[in-house]
Amino acid sequence: MSRIQSVFATLKQQGKTALIPYITAGDPHPKCTVSLMHTLVKYGADMIELGVPFSDPMADGPVIQRASERALLHKVGLTTVLEMVKTFRETDQNTPIILMGYANPIEAIGALAFADRAKAADVDGVITVDYPPEECGEFVKELRARDIDPVFLLSPTTEPKRVELIVSQASGFVYYVSLKGVTGAANLDIAEVAERVASIRQKTNLPVGVGFGIRDAATAKATAAIADAVVVGSRMVLAIEASNEDNLLSNVATLMIELKAAVDAA
Amino acid sequence: MQLYDMPDARGHFGQYGGTFVAETLVEALDELRMTYEKYRHDPVFLAELAYDLKYFVGRPSPIYHAKRWSDRVGGAQIYLKREDLNHTGAHKVNNTVGQALLAKRMGKPRVIAETGAGQHGVATATIAARLGLECVVYMGSEDIKRQAPNVYRMKLLGATVVPVESGSKTLKDALNEAMRDWVTNVHNTFYIIGTVAGPHPYPMMVRDFQAVIGVEAKQQMQEMVGRQPDAVVACVGGGSNAMGIFYPYIDVPNVRLIGVEAAGLGMETGKHAAPLTANSPVGVLHGNRTYLMQDVDGNIIETHSISAGLDYPGVGPEHAWLKDIKRAEYVAVTDDEAMTAFHSLCRTEGIIPALESSHALAYAEKLAKTMSKDKIVLVNLSGRGDKDINTVAKLANITL
Ligand SMILES: Cc1ncc(COP(=O)(O)O)c(C=O)c1O
């Protein structure tokens, strides 16, 4: 069983929903990333989604774009991100790490070499925003051969037939993007999300995570009631952006405590 | 002989092209692909398109024998396909007219576009005004500075111009921002991409709409000189004017196809916008796989060209394919070479070319010199230079 699968299995036994915070690696500064990751775990992260900075983050809203730009100022690329995961693993061998990013940094290394290096760094899952299943068959094979879970996004516009195709390629979990638009947009319609999640569950036994648009304890709680995992991205990055060197970790901890309580209360 | 038949059903040109987009856009692209399949051979649609091209755009654009310039150059005869004479002043409108007709059929009341030089933005705003569609154009704030007259033209035509401040603040960032708008407003919005890039079906569809250039040219050359040119030369930004004139010639033997990229300050300086000439690594950007200017981490690097319309780090996937199969050749000319050609065309032929097109002219001049007087070089004069007069004046330290 992969690390992601066993975390979901344990939570299911406990009747709990996973909380997955997202941060962009290298934001606000590369030296903060590993300690931020440990802080997230300490205050309730069941897994971490670690964003790989990219010059052209087409699917991201302004908040995560700015995080990418801050990280790129320090030349944080995929190679550095893998180093960070390695360092994190020196003291945490339990928390699944899911890389989230775009295809080109992976293509620059090469699908096969990337899969090897991700394995060596002990990465658990990979979300590649602009790799729909039709375009990444080989890549998915390389990941799965190394027990790394390829995690795919499903959107409100994904047709039922495509849901079948996508879940057939995915492992670990699937990630339902709860609104049309880029990361950080507003207007989460919980009733609609519930309906979509239910219809996804008819097609797969994989856990269903929900993200995009979860901005506070209330939306986190409502989402936790219908999903297996709640992903919080832009809200997390906003907290980082609003912090200085001294209060960075404590601000992130405060937000995590609030979100964890909300998710556990669902 | 096996005829050229690209792309495949999923928009691949060999390893290039494809549909590398976020899941939210897949459905919209499927809808577009099916709509285009439905209408691309539909006689009513084609008749409407032909009508617009004739009476609104002013096609066919003539081919003109640049005799005096050819004599000056002292080699092959240079002919110009006059896309600069189209309504709005460039080839871009051939494509916007086509895509806007599709938008209308799909019932989308809002169109969006990215623009670099502003020509595609103007061409989109123009057709949107005529069809009564809301129009939003994304433009890098750097380009807004370089192409002020076109920004004002778009506003006069009723479009909203949104400055893009992210990344390098040029064409590629405008494309990112337009994509973000599209994922958010996909239910009521048609994205009119301005070049043969983006995810499938755009590279194919834009090529098909621009192919009118080459189709006319073949017929006109036959009528004028009784044969086809020895070489066809076009500038390459994303590659739409070049694909438009190349495409009908791909299966014609003995016609060299030459794409001219922007060498900027010189290939050796790295400050250029010539991924094909530089043999840049292959990667994925804006929905397709192609040659891309990037660093070791796969981040896109800043490009440089004096002409905003060529200032793009990638290139349409079909050009990548034509390069690999050696059906087309790709070269680059510098800012300075393009400027020299710009001035010589102004002075010898009474035509002010766009800075983009001046790159094609500069290479045509070099090439013609190596050829005998009975040879023919056909240049796609993709646009007129009215939009560039501020840039040119500034180089001469003149404020208009
Ligand atoms: C006159 C003109 N020529 C060429 C180009 C480059 O685009 P493409 O390579 O798609 O023809 C532009 C783009 O703005 C343009 O305005």
# chains A, B, ... in the order shown; residues from 1 in each chain; ligands from 1

call {"tool": "residues_around", "arguments": {"residues": "segment 206-219 of chain B", "least_positions_apart": "6", "cutoff": "10 Å", "atoms": "only C-alpha atoms", "output": "PyMOL selection string"}}
result
chain B and resi 40+49-50+53+59-63+80-83+91-99+192-197+226-229+232+239-249+252+316+318+378+380+382

call {"tool": "closest_atom_pairs", "arguments": {"of": "chain A", "to": "chain B", "cutoff": "9 Å", "atoms": "only C-alpha atoms", "output": "JSON lines"}}
result
{"residue": "A:Pro53", "atom": "CA", "partner": "B:Asn299", "partner_atom": "CA", "distance": 8.7}
{"residue": "A:Phe54", "atom": "CA", "partner": "B:Asn299", "partner_atom": "CA", "distance": 5.9}
{"residue": "A:Ser55", "atom": "CA", "partner": "B:Asn299", "partner_atom": "CA", "distance": 5.2}
{"residue": "A:Asp56", "atom": "CA", "partner": "B:Asn176", "partner_atom": "CA", "distance": 6.9}
{"residue": "A:Pro57", "atom": "CA", "partner": "B:Asn176", "partner_atom": "CA", "distance": 7.6}
{"residue": "A:Met58", "atom": "CA", "partner": "B:Asn176", "partner_atom": "CA", "distance": 5.1}
{"residue": "A:Ala59", "atom": "CA", "partner": "B:Arg180", "partner_atom": "CA", "distance": 6.3}
{"residue": "A:Asp60", "atom": "CA", "partner": "B:Arg180", "partner_atom": "CA", "distance": 7.6}
{"residue": "A:Gly61", "atom": "CA", "partner": "B:Arg180", "partner_atom": "CA", "distance": 7.7}
{"residue": "A:Pro62", "atom": "CA", "partner": "B:Ser166", "partner_atom": "CA", "distance": 8.9}
{"residue": "A:Gln65", "atom": "CA", "partner": "B:Ser166", "partner_atom": "CA", "distance": 8.2}
{"residue": "A:Arg66", "atom": "CA", "partner": "B:Ser166", "partner_atom": "CA", "distance": 8.7}
{"residue": "A:Glu69", "atom": "CA", "partner": "B:Gly167", "partner_atom": "CA", "distance": 7.9}
{"residue": "A:Lys75", "atom": "CA", "partner": "B:Asp297", "partner_atom": "CA", "distance": 8.8}
{"residue": "A:Val76", "atom": "CA", "partner": "B:Asp297", "partner_atom": "CA", "distance": 8.5}
{"residue": "A:Gly77", "atom": "CA", "partner": "B:Asp297", "partner_atom": "CA", "distance": 5.3}
{"residue": "A:Leu78", "atom": "CA", "partner": "B:Asp297", "partner_atom": "CA", "distance": 6.3}
{"residue": "A:Thr79", "atom": "CA", "partner": "B:Asp297", "partner_atom": "CA", "distance": 7.3}
{"residue": "A:Tyr102", "atom": "CA", "partner": "B:Val284", "partner_atom": "CA", "distance": 8.8}
{"residue": "A:Ala103", "atom": "CA", "partner": "B:Val284", "partner_atom": "CA", "distance": 6.3}
{"residue": "A:Asn104", "atom": "CA", "partner": "B:Val284", "partner_atom": "CA", "distance": 5.1}
{"residue": "A:Pro105", "atom": "CA", "partner": "B:Gly298", "partner_atom": "CA", "distance": 4.2}
{"residue": "A:Ile106", "atom": "CA", "partner": "B:Gly298", "partner_atom": "CA", "distance": 7.5}
{"residue": "A:Glu107", "atom": "CA", "partner": "B:Gly283", "partner_atom": "CA", "distance": 5.9}
{"residue": "A:Ala108", "atom": "CA", "partner": "B:Gly298", "partner_atom": "CA", "distance": 5.0}
{"residue": "A:Ile109", "atom": "CA", "partner": "B:Asp297", "partner_atom": "CA", "distance": 7.7}
{"residue": "A:Thr128", "atom": "CA", "partner": "B:Ala22", "partner_atom": "CA", "distance": 8.7}
{"residue": "A:Val129", "atom": "CA", "partner": "B:Ala22", "partner_atom": "CA", "distance": 5.3}
{"residue": "A:Asp130", "atom": "CA", "partner": "B:Val21", "partner_atom": "CA", "distance": 4.3}
{"residue": "A:Tyr131", "atom": "CA", "partner": "B:Phe20", "partner_atom": "CA", "distance": 5.6}
{"residue": "A:Pro132", "atom": "CA", "partner": "B:Phe20", "partner_atom": "CA", "distance": 6.5}
{"residue": "A:Glu134", "atom": "CA", "partner": "B:Thr19", "partner_atom": "CA", "distance": 8.4}
{"residue": "A:Glu135", "atom": "CA", "partner": "B:Phe20", "partner_atom": "CA", "distance": 7.0}
{"residue": "A:Phe152", "atom": "CA", "partner": "B:Glu23", "partner_atom": "CA", "distance": 8.7}
{"residue": "A:Leu153", "atom": "CA", "partner": "B:Glu23", "partner_atom": "CA", "distance": 6.4}
{"residue": "A:Leu154", "atom": "CA", "partner": "B:Glu23", "partner_atom": "CA", "distance": 6.3}
{"residue": "A:Ser155", "atom": "CA", "partner": "B:Thr24", "partner_atom": "CA", "distance": 5.3}
{"residue": "A:Pro156", "atom": "CA", "partner": "B:Thr24", "partner_atom": "CA", "distance": 7.2}
{"residue": "A:Thr157", "atom": "CA", "partner": "B:Thr24", "partner_atom": "CA", "distance": 6.1}
{"residue": "A:Thr158", "atom": "CA", "partner": "B:Glu27", "partner_atom": "CA", "distance": 6.4}
{"residue": "A:Glu159", "atom": "CA", "partner": "B:Glu27", "partner_atom": "CA", "distance": 7.5}
{"residue": "A:Val177", "atom": "CA", "partner": "B:Thr24", "partner_atom": "CA", "distance": 8.4}
{"residue": "A:Leu179", "atom": "CA", "partner": "B:Thr184", "partner_atom": "CA", "distance": 8.6}
{"residue": "A:Lys180", "atom": "CA", "partner": "B:Thr184", "partner_atom": "CA", "distance": 5.3}
{"residue": "A:Gly181", "atom": "CA", "partner": "B:Thr184", "partner_atom": "CA", "distance": 3.8}
{"residue": "A:Val182", "atom": "CA", "partner": "B:Arg180", "partner_atom": "CA", "distance": 6.2}
{"residue": "A:Ala185", "atom": "CA", "partner": "B:Thr184", "partner_atom": "CA", "distance": 8.7}

call {"tool": "write_last_selection", "arguments": {"atoms": "N, CA and C atoms", "output": "CSV table (one decimal), in the first residue's frame"}}
result
chain,number,residue,atom,x,y,z
A,53,PRO,N,7.2,25.7,-8.4
A,53,PRO,CA,7.1,27.0,-9.1
A,53,PRO,C,7.3,26.9,-10.6
A,54,PHE,N,6.5,27.7,-11.3
A,54,PHE,CA,6.6,27.6,-12.8
A,54,PHE,C,6.4,29.1,-13.3
A,55,SER,N,7.1,29.4,-14.3
A,55,SER,CA,7.1,30.7,-14.9
A,55,SER,C,5.7,31.1,-15.5
A,56,ASP,N,4.9,30.1,-15.9
A,56,ASP,CA,3.7,30.4,-16.6
A,56,ASP,C,2.5,29.5,-16.0
A,57,PRO,N,2.1,29.8,-14.7
A,57,PRO,CA,1.1,29.0,-14.1
A,57,PRO,C,-0.3,29.4,-14.5
A,58,MET,N,-0.6,28.8,-15.7
A,58,MET,CA,-1.9,29.2,-16.4
A,58,MET,C,-3.2,28.9,-15.7
A,59,ALA,N,-3.1,27.9,-14.8
A,59,ALA,CA,-4.4,27.5,-14.1
A,59,ALA,C,-4.5,28.1,-12.7
A,60,ASP,N,-3.5,29.0,-12.4
A,60,ASP,CA,-3.5,29.6,-11.1
A,60,ASP,C,-4.0,31.1,-11.1
A,61,GLY,N,-4.7,31.4,-10.0
A,61,GLY,CA,-5.1,32.8,-9.8
A,61,GLY,C,-4.0,33.6,-9.3
A,62,PRO,N,-4.2,34.9,-9.0
A,62,PRO,CA,-3.1,35.8,-8.6
A,62,PRO,C,-2.4,35.4,-7.4
A,65,GLN,N,0.0,32.6,-8.2
A,65,GLN,CA,1.0,33.2,-9.2
A,65,GLN,C,2.0,34.0,-8.5
A,66,ARG,N,1.6,34.8,-7.5
A,66,ARG,CA,2.6,35.6,-6.8
A,66,ARG,C,3.5,34.7,-6.0
A,69,GLU,N,6.1,33.5,-8.3
A,69,GLU,CA,7.1,34.5,-8.6
A,69,GLU,C,8.1,34.7,-7.5
A,75,LYS,N,15.2,31.3,-7.6
A,75,LYS,CA,15.6,30.2,-8.5
A,75,LYS,C,15.2,28.8,-8.0
A,76,VAL,N,14.1,28.7,-7.4
A,76,VAL,CA,13.6,27.4,-6.9
A,76,VAL,C,12.9,26.7,-8.1
A,77,GLY,N,13.6,25.7,-8.6
A,77,GLY,CA,13.0,24.8,-9.6
A,77,GLY,C,12.7,23.4,-9.1
A,78,LEU,N,12.3,22.6,-10.0
A,78,LEU,CA,11.9,21.2,-9.6
A,78,LEU,C,13.1,20.5,-8.9
A,79,THR,N,14.3,20.7,-9.4
A,79,THR,CA,15.4,20.0,-8.7
A,79,THR,C,15.5,20.4,-7.3
A,102,TYR,N,3.2,22.0,-13.2
A,102,TYR,CA,2.9,22.0,-14.6
A,102,TYR,C,3.9,21.0,-15.4
A,103,ALA,N,3.5,20.7,-16.6
A,103,ALA,CA,4.2,19.7,-17.3
A,103,ALA,C,5.7,20.1,-17.7
A,104,ASN,N,5.9,21.3,-18.0
A,104,ASN,CA,7.2,21.7,-18.6
A,104,ASN,C,8.4,21.4,-17.7
A,105,PRO,N,8.3,21.7,-16.4
A,105,PRO,CA,9.5,21.4,-15.6
A,105,PRO,C,9.8,19.9,-15.6
A,106,ILE,N,8.8,19.1,-15.7
A,106,ILE,CA,8.9,17.6,-15.7
A,106,ILE,C,9.6,17.2,-17.1
A,107,GLU,N,9.0,17.9,-18.2
A,107,GLU,CA,9.6,17.6,-19.5
A,107,GLU,C,11.0,18.0,-19.6
A,108,ALA,N,11.4,19.0,-18.9
A,108,ALA,CA,12.8,19.5,-19.0
A,108,ALA,C,13.7,18.5,-18.4
A,109,ILE,N,13.3,17.7,-17.4
A,109,ILE,CA,14.1,16.7,-16.8
A,109,ILE,C,13.9,15.4,-17.6
A,128,THR,N,-0.1,16.9,-12.2
A,128,THR,CA,0.4,17.7,-13.2
A,128,THR,C,-0.8,18.3,-13.9
A,129,VAL,N,-0.9,19.6,-13.7
A,129,VAL,CA,-2.2,20.3,-14.1
A,129,VAL,C,-2.5,20.2,-15.6
A,130,ASP,N,-1.4,20.3,-16.4
A,130,ASP,CA,-1.7,20.4,-17.8
A,130,ASP,C,-1.3,19.0,-18.5
A,131,TYR,N,-1.3,18.0,-17.8
A,131,TYR,CA,-1.2,16.6,-18.4
A,131,TYR,C,-2.5,15.9,-18.3
A,132,PRO,N,-3.4,16.1,-19.2
A,132,PRO,CA,-4.7,15.3,-19.2
A,132,PRO,C,-4.3,13.8,-19.5
A,134,GLU,N,-4.9,11.7,-21.6
A,134,GLU,CA,-4.7,11.3,-23.0
A,134,GLU,C,-3.2,11.6,-23.4
A,135,GLU,N,-2.6,12.6,-22.7
A,135,GLU,CA,-1.3,13.1,-23.1
A,135,GLU,C,-0.1,12.5,-22.3
A,152,PHE,N,-5.1,12.9,-10.5
A,152,PHE,CA,-5.7,13.7,-11.6
A,152,PHE,C,-6.8,14.6,-11.1
A,153,LEU,N,-7.0,15.7,-11.7
A,153,LEU,CA,-8.1,16.6,-11.4
A,153,LEU,C,-9.3,16.3,-12.2
A,154,LEU,N,-10.5,16.5,-11.6
A,154,LEU,CA,-11.8,16.4,-12.2
A,154,LEU,C,-12.4,17.7,-12.0
A,155,SER,N,-13.1,18.2,-13.1
A,155,SER,CA,-13.7,19.6,-12.9
A,155,SER,C,-15.2,19.5,-13.1
A,156,PRO,N,-15.9,20.6,-12.8
A,156,PRO,CA,-17.3,20.6,-12.9
A,156,PRO,C,-17.8,20.3,-14.3
A,157,THR,N,-16.9,20.6,-15.3
A,157,THR,CA,-17.3,20.4,-16.7
A,157,THR,C,-16.9,19.0,-17.2
A,158,THR,N,-16.2,18.2,-16.4
A,158,THR,CA,-15.8,16.8,-16.9
A,158,THR,C,-17.1,16.0,-17.1
A,159,GLU,N,-17.2,15.5,-18.3
A,159,GLU,CA,-18.3,14.6,-18.7
A,159,GLU,C,-18.2,13.2,-18.0
A,177,VAL,N,-12.0,19.6,-8.6
A,177,VAL,CA,-11.8,21.0,-8.6
A,177,VAL,C,-13.2,21.6,-8.5
A,179,LEU,N,-14.7,24.4,-8.6
A,179,LEU,CA,-15.4,25.4,-9.3
A,179,LEU,C,-14.7,25.7,-10.7
A,180,LYS,N,-15.4,26.3,-11.6
A,180,LYS,CA,-14.8,26.7,-12.8
A,180,LYS,C,-14.0,27.9,-12.6
A,181,GLY,N,-12.8,27.9,-13.1
A,181,GLY,CA,-11.9,29.0,-12.9
A,181,GLY,C,-10.5,28.6,-12.4
A,182,VAL,N,-9.8,29.6,-12.0
A,182,VAL,CA,-8.4,29.4,-11.6
A,182,VAL,C,-8.4,29.2,-10.1
A,185,ALA,N,-10.4,31.5,-6.8
A,185,ALA,CA,-11.6,32.1,-7.2
A,185,ALA,C,-12.7,31.9,-6.1

call {"tool": "residues_around", "arguments": {"residues": "Met139 of chain B", "least_positions_apart": "5", "cutoff": "12 Å", "atoms": "only C-alpha atoms", "output": "count of residues only"}}
result
39

call {"tool": "atom_distance", "arguments": {"atom1": "atom CA of Glu48 of chain B", "atom2": "atom CA of Leu102 of chain B"}}
result
10.9 Å

call {"tool": "select_by_dssp", "arguments": {"residues": "segment 99-286 of chain B", "states": "strand (DSSP E or B)", "output": "ChimeraX atom specification"}}
result
/B:110-115,134-140,160-164,189-191,231-235,256-264,273,282-285

call {"tool": "write_last_selection", "arguments": {"atoms": "C-alpha atoms", "output": "compact mmCIF listing (two decimals), in the first residue's frame"}}
result
# COMPACT_ATOMS: atom_id res chain seq x y z
CA ARG B 110 -18.41 37.27 -25.51
CA VAL B 111 -15.04 36.88 -27.22
CA ILE B 112 -11.60 37.23 -25.69
CA ALA B 113 -8.16 37.44 -27.27
CA GLU B 114 -4.49 37.81 -26.42
CA THR B 115 -2.37 40.20 -28.40
CA GLU B 134 -18.54 41.81 -26.20
CA CYS B 135 -14.76 41.84 -26.61
CA VAL B 136 -11.97 41.70 -24.01
CA VAL B 137 -8.34 41.79 -25.13
CA TYR B 138 -5.41 40.83 -22.89
CA MET B 139 -2.15 42.61 -23.63
CA GLY B 140 1.16 42.65 -21.74
CA THR B 160 -11.85 46.42 -23.21
CA VAL B 161 -8.06 46.18 -23.14
CA VAL B 162 -6.76 44.51 -19.97
CA PRO B 163 -3.09 45.17 -19.17
CA VAL B 164 -1.25 42.04 -18.04
CA THR B 189 -17.00 33.00 -23.90
CA PHE B 190 -15.19 32.08 -27.11
CA TYR B 191 -11.41 32.41 -27.00
CA ALA B 231 11.11 30.16 -52.43
CA VAL B 232 8.36 31.40 -50.13
CA VAL B 233 9.54 33.50 -47.18
CA ALA B 234 7.49 34.51 -44.12
CA CYS B 235 8.21 35.76 -40.62
CA ARG B 256 11.48 26.17 -50.67
CA LEU B 257 9.57 27.25 -47.57
CA ILE B 258 11.54 29.53 -45.29
CA GLY B 259 10.38 30.80 -41.91
CA VAL B 260 12.19 33.81 -40.47
CA GLU B 261 12.39 34.16 -36.70
CA ALA B 262 13.55 37.16 -34.68
CA ALA B 263 17.26 37.04 -33.81
CA GLY B 264 16.81 40.18 -31.70
CA ALA B 273 12.91 35.00 -29.97
CA VAL B 282 11.16 20.65 -26.70
CA GLY B 283 8.60 21.28 -23.98
CA VAL B 284 4.98 22.05 -23.16
CA LEU B 285 3.48 25.53 -22.99

call {"tool": "residues_around", "arguments": {"residues": "Gln93 of chain A", "least_positions_apart": "4", "cutoff": "9 Å", "atoms": "only C-alpha atoms", "output": "PDB file with all heavy atoms, in the first residue's frame"}}
result
ATOM      1  N   PHE A  88      13.052  17.109   4.164  1.00  0.00           N
ATOM      2  CA  PHE A  88      11.855  16.900   4.996  1.00  0.00           C
ATOM      3  C   PHE A  88      11.787  15.451   5.489  1.00  0.00           C
ATOM      4  O   PHE A  88      11.500  15.183   6.655  1.00  0.00           O
ATOM      5  CB  PHE A  88      10.610  17.251   4.170  1.00  0.00           C
ATOM      6  CG  PHE A  88       9.306  16.899   4.839  1.00  0.00           C
ATOM      7  CD1 PHE A  88       8.754  17.736   5.815  1.00  0.00           C
ATOM      8  CD2 PHE A  88       8.623  15.731   4.494  1.00  0.00           C
ATOM      9  CE1 PHE A  88       7.543  17.409   6.426  1.00  0.00           C
ATOM     10  CE2 PHE A  88       7.416  15.406   5.104  1.00  0.00           C
ATOM     11  CZ  PHE A  88       6.877  16.241   6.066  1.00  0.00           C
ATOM     12  N   ARG A  89      12.099  14.520   4.598  1.00  0.00           N
ATOM     13  CA  ARG A  89      12.017  13.093   4.922  1.00  0.00           C
ATOM     14  C   ARG A  89      13.027  12.652   5.989  1.00  0.00           C
ATOM     15  O   ARG A  89      12.845  11.607   6.611  1.00  0.00           O
ATOM     16  CB  ARG A  89      12.238  12.255   3.660  1.00  0.00           C
ATOM     17  CG  ARG A  89      11.020  12.123   2.792  1.00  0.00           C
ATOM     18  CD  ARG A  89      10.081  11.027   3.270  1.00  0.00           C
ATOM     19  NE  ARG A  89       8.871  10.995   2.443  1.00  0.00           N
ATOM     20  CZ  ARG A  89       7.681  11.483   2.815  1.00  0.00           C
ATOM     21  NH1 ARG A  89       7.533  12.023   4.007  1.00  0.00           N
ATOM     22  NH2 ARG A  89       6.651  11.413   2.007  1.00  0.00           N
ATOM     23  N   ASP A 122      11.576  10.277  -2.295  1.00  0.00           N
ATOM     24  CA  ASP A 122      10.454   9.733  -1.534  1.00  0.00           C
ATOM     25  C   ASP A 122       9.189  10.591  -1.646  1.00  0.00           C
ATOM     26  O   ASP A 122       8.521  10.887  -0.655  1.00  0.00           O
ATOM     27  CB  ASP A 122      10.856   9.541  -0.065  1.00  0.00           C
ATOM     28  CG  ASP A 122      10.190   8.308   0.542  1.00  0.00           C
ATOM     29  OD1 ASP A 122       9.306   7.727  -0.129  1.00  0.00           O
ATOM     30  OD2 ASP A 122      10.543   7.951   1.679  1.00  0.00           O
TER      31      ASP A 122
END

call {"tool": "residues_around", "arguments": {"residues": "His343 of chain B", "least_positions_apart": "6", "cutoff": "12 Å", "atoms": "only C-alpha atoms", "output": "PyMOL selection string"}}
result
chain B and resi 69+336-337+349-355+358-359+361-362+385+389+392-393

call {"tool": "atom_distance", "arguments": {"atom1": "atom 13 (C, counted along the ligand's line) of ligand 1", "atom2": "atom CA of Ser357 of chain B"}}
result
9.1 Å

call {"tool": "closest_residue", "arguments": {"among": "B:Gly237, B:Gly11, B:Gly266, B:Gly89", "to": "ligand 1", "atoms": "only C-alpha atoms and all ligand atoms"}}
result
B:Gly237

call {"tool": "atom_distance", "arguments": {"atom1": "atom CA of Thr277 of chain B", "atom2": "atom CA of Val331 of chain B"}}
result
5.6 Å

call {"tool": "residues_around", "arguments": {"residues": "segment 197-203 of chain A", "least_positions_apart": "3", "cutoff": "7 Å", "atoms": "only C-alpha atoms", "output": "PDB file with all heavy atoms, in the first residue's frame"}}
result
ATOM      1  N   GLU A 164     -14.772   8.351 -16.095  1.00  0.00           N
ATOM      2  CA  GLU A 164     -14.358   6.943 -16.156  1.00  0.00           C
ATOM      3  C   GLU A 164     -12.928   6.800 -16.653  1.00  0.00           C
ATOM      4  O   GLU A 164     -12.124   6.063 -16.086  1.00  0.00           O
ATOM      5  CB  GLU A 164     -15.303   6.155 -17.077  1.00  0.00           C
ATOM      6  CG  GLU A 164     -16.578   5.762 -16.376  1.00  0.00           C
ATOM      7  CD  GLU A 164     -17.646   5.241 -17.342  1.00  0.00           C
ATOM      8  OE1 GLU A 164     -17.287   4.709 -18.420  1.00  0.00           O
ATOM      9  OE2 GLU A 164     -18.838   5.391 -17.003  1.00  0.00           O
ATOM     10  N   VAL A 193     -21.346  20.733  -5.325  1.00  0.00           N
ATOM     11  CA  VAL A 193     -20.163  19.905  -5.114  1.00  0.00           C
ATOM     12  C   VAL A 193     -20.571  18.531  -4.580  1.00  0.00           C
ATOM     13  O   VAL A 193     -20.077  17.498  -5.031  1.00  0.00           O
ATOM     14  CB  VAL A 193     -19.173  20.593  -4.137  1.00  0.00           C
ATOM     15  CG1 VAL A 193     -18.007  19.663  -3.805  1.00  0.00           C
ATOM     16  CG2 VAL A 193     -18.646  21.891  -4.739  1.00  0.00           C
ATOM     17  N   ALA A 194     -21.511  18.520  -3.648  1.00  0.00           N
ATOM     18  CA  ALA A 194     -21.967  17.258  -3.054  1.00  0.00           C
ATOM     19  C   ALA A 194     -22.515  16.327  -4.128  1.00  0.00           C
ATOM     20  O   ALA A 194     -22.221  15.130  -4.163  1.00  0.00           O
ATOM     21  CB  ALA A 194     -23.023  17.536  -1.997  1.00  0.00           C
TER      22      ALA A 194
END

call {"tool": "residues_around", "arguments": {"residues": "Thr80 of chain A", "least_positions_apart": "5", "cutoff": "12 Å", "atoms": "only C-alpha atoms", "output": "list of chain:residue names"}}
result
A:Ala25, A:Gly26, A:Pro30, A:Lys31, A:Thr33, A:Val34, A:Gly51, A:Val52, A:Pro53, A:Ala71, A:Leu72, A:His74, A:Lys75, A:Val85, A:Lys86, A:Thr87, A:Pro105, A:Arg117, A:Ala118, A:Ala121, B:Val296, B:Asp297
